[in-house]
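Encoded as structure tokens, the structure appears first; notes follow it.
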Amino acid sequence: MLKPLVKFMTVLGDETGVEGAWSGNDTVWRMTVDLNRILIYGRSDGSMADVPQRLIVHISDGIIAGQGNGPLAPVPFDLGVMLAGSNPAGMDLAAAYLLGFDPGKIPLIQGSFGDYRWPVTRFGSNDVCVKSKERVQPAEELSNEEWLPRPVHFPVGWTSAILPRPELVGLR
């Protein structure tokens with residue numbers, strides 16, 4: 001019953017989305033940063049330590065990624081990469097560049113690099129590097145890699161975060 005209304009609202013330019021996934025939601029990114037802090041600093045007794053309590057390996061399967069209206073209805077995107085790293089903020093920053101987004105315009109990534117009592121990271125976003133079999137390079141350079149496929153479907157409400165690329169002019 002709501003599908004026609006949602007479709008109509010989308011045609012009119014509504015960027016609110018449903019179920020908390022809308023681009024203006026200011027709570028989901030905060031919750032995600034808090035969960036990462038708990039994962040890094042949480043003790044088995046439920047308290048928080050002042051120093052990290054464990055080493056964590058983060059793995060992201062980007063062989064077939066999603067583009068468009070994810071995570072509920074993504075369009076398959078043959079990205080062809082796997083990511084692994086020791087920090088969730090660094091991983092998210094690299095993934096944003098891989099998908100053609102400006103990480104500085106994504107609240108989760110901005111918040112992950114924030115200065116908190118229990119920081120998710122102790123390095124700056126400009127310090128994130130990506131290592132592939134060919135070389136080590138700043139994560140920012142991923143957005144210029146010619147071998148990377150380019151997404152063409154972007155989530156409603158996130159178009160202001162798309163990195164400018166000549167081949168994407170007119171798709172916004």
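How things are named: the first chain in the structure tokens is A, the next is B, and so on; residues count from 1 in each chain; ligands count from 1 in the order shown.
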
DSSP strand (DSSP E) residues within region 7-147 of chain A, listed as a PDB file with C-alpha atoms, in the first residue's frame:
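Result went into selection.pdb, see below:
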```
ATOM      1  CA  HIS A  58      37.956  -5.841   9.381  1.00  0.00           C
ATOM      2  CA  ILE A  59      37.117  -7.556   6.090  1.00  0.00           C
ATOM      3  CA  SER A  60      34.787  -6.229   3.401  1.00  0.00           C
ATOM      4  CA  ASP A  61      33.684  -8.226   0.380  1.00  0.00           C
ATOM      5  CA  GLY A  62      33.432  -5.815  -2.513  1.00  0.00           C
ATOM      6  CA  ILE A  63      33.591  -8.371  -5.298  1.00  0.00           C
ATOM      7  CA  ILE A  64      29.912  -7.759  -5.972  1.00  0.00           C
ATOM      8  CA  ALA A  65      29.069  -4.531  -4.154  1.00  0.00           C
ATOM      9  CA  GLY A  66      25.750  -2.743  -4.064  1.00  0.00           C
ATOM     10  CA  GLN A  67      24.882   0.602  -5.564  1.00  0.00           C
ATOM     11  CA  GLY A  68      21.773   2.709  -5.457  1.00  0.00           C
ATOM     12  CA  ASN A  69      19.157   2.161  -2.775  1.00  0.00           C
ATOM     13  CA  ALA A  73      17.281  -2.823  -2.614  1.00  0.00           C
ATOM     14  CA  PRO A  74      20.785  -2.353  -4.052  1.00  0.00           C
ATOM     15  CA  VAL A  75      21.662  -2.769  -7.713  1.00  0.00           C
ATOM     16  CA  PRO A  76      24.553  -5.278  -8.055  1.00  0.00           C
ATOM     17  CA  PHE A  77      27.851  -3.594  -8.822  1.00  0.00           C
ATOM     18  CA  ASP A  78      30.833  -5.642 -10.032  1.00  0.00           C
ATOM     19  CA  LEU A  79      33.527  -3.778  -8.087  1.00  0.00           C
ATOM     20  CA  GLY A  80      35.914  -6.741  -7.931  1.00  0.00           C
ATOM     21  CA  VAL A  81      37.784  -5.894  -4.716  1.00  0.00           C
ATOM     22  CA  MET A  82      38.251  -7.210  -1.203  1.00  0.00           C
ATOM     23  CA  LEU A  83      39.253  -4.875   1.609  1.00  0.00           C
ATOM     24  CA  ALA A  84      40.981  -5.781   4.848  1.00  0.00           C
ATOM     25  CA  GLY A  85      42.305  -3.496   7.517  1.00  0.00           C
ATOM     26  CA  CYS A 129      46.837   4.381   2.672  1.00  0.00           C
ATOM     27  CA  VAL A 130      45.754   1.422   0.603  1.00  0.00           C
ATOM     28  CA  LYS A 131      48.089  -1.409  -0.260  1.00  0.00           C
ATOM     29  CA  VAL A 136      50.929   1.530  -1.530  1.00  0.00           C
ATOM     30  CA  GLN A 137      49.013   4.733  -2.211  1.00  0.00           C
ATOM     31  CA  PRO A 138      46.959   7.322  -0.337  1.00  0.00           C
TER      32      PRO A 138
END
```

(request) Pull the helix (DSSP H, G or I) assignments for region 88-167 of chain A out of DSSP run on the backbone, and list those residues as a ChimeraX atom specification. (result) /A:88-98,103-105,107-112,125-127,139-144,159-161,166-167

(request) Write out as a ChimeraX atom specification which residues come within 12 Å of Ser112 (chain A) when counting only C-alpha atoms, dropping same-chain ones fewer than 2 positions away. (result) /A:29-37,87-93,103-104,106-110,114-116,118-125

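Distances here use only C-alpha atoms; by that measure, the residue among A:Leu98, A:Phe113, A:Pro164, A:Pro71 closest to Ser143 (chain A) is A:Leu98.
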
(message) Given only C-alpha atoms as the basis, pick out the residue of A:Ile56, A:Leu72, A:Leu99, A:Ile40 nearest to Pro151 (chain A).
(response)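 Distance minimum relative to Pro151 (chain A) lands on A:Leu99.
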
(request) Fewer than 4 positions away in the same chain doesn't count, so skip those; otherwise give me all residues within 10 Å of Arg43 (chain A), counting only C-alpha atoms, as a ChimeraX atom specification. (result) /A:38-39,47-49,52-54

Hey, can you spit out that residue selection with C-alpha atoms as a compact mmCIF listing (two decimals), in the first residue's frame?
```
# COMPACT_ATOMS: atom_id res chain seq x y z
CA ILE A 38 32.72 -0.68 22.45
CA LEU A 39 34.36 -3.25 20.18
CA SER A 47 33.21 -1.29 31.41
CA MET A 48 35.34 0.73 29.02
CA ALA A 49 39.14 0.71 29.22
CA PRO A 52 42.31 -0.66 23.16
CA GLN A 53 41.53 -4.15 24.44
CA ARG A 54 41.95 -6.18 21.31
```

(message) If I take CA of Ser132 (chain A) and CA of Thr159 (chain A), how far is one from the other in Å, to one decimal?
(response)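 Separation between CA of Ser132 (chain A) and CA of Thr159 (chain A): 28.4 Å.
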
(request) Work out how far apart CA of Thr27 (chain A) and CA of Arg117 (chain A) are and give it in Å to one decimal. (result)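 Rounded to one decimal, the two atoms are 18.9 Å apart.
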
(request) Within 6 Å of Leu163 (chain A), counting only C-alpha atoms, which residues show up once you throw out same-chain ones fewer than 2 positions away? Write them as JSON, numbers by chain, please. (result) {"A": [100, 101, 102]}

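Proximity to Leu148 (chain A) was assessed for A:Pro4, A:Ser86, A:Glu134, A:Tyr97 counting only C-alpha atoms; the smallest distance is recorded for A:Tyr97.
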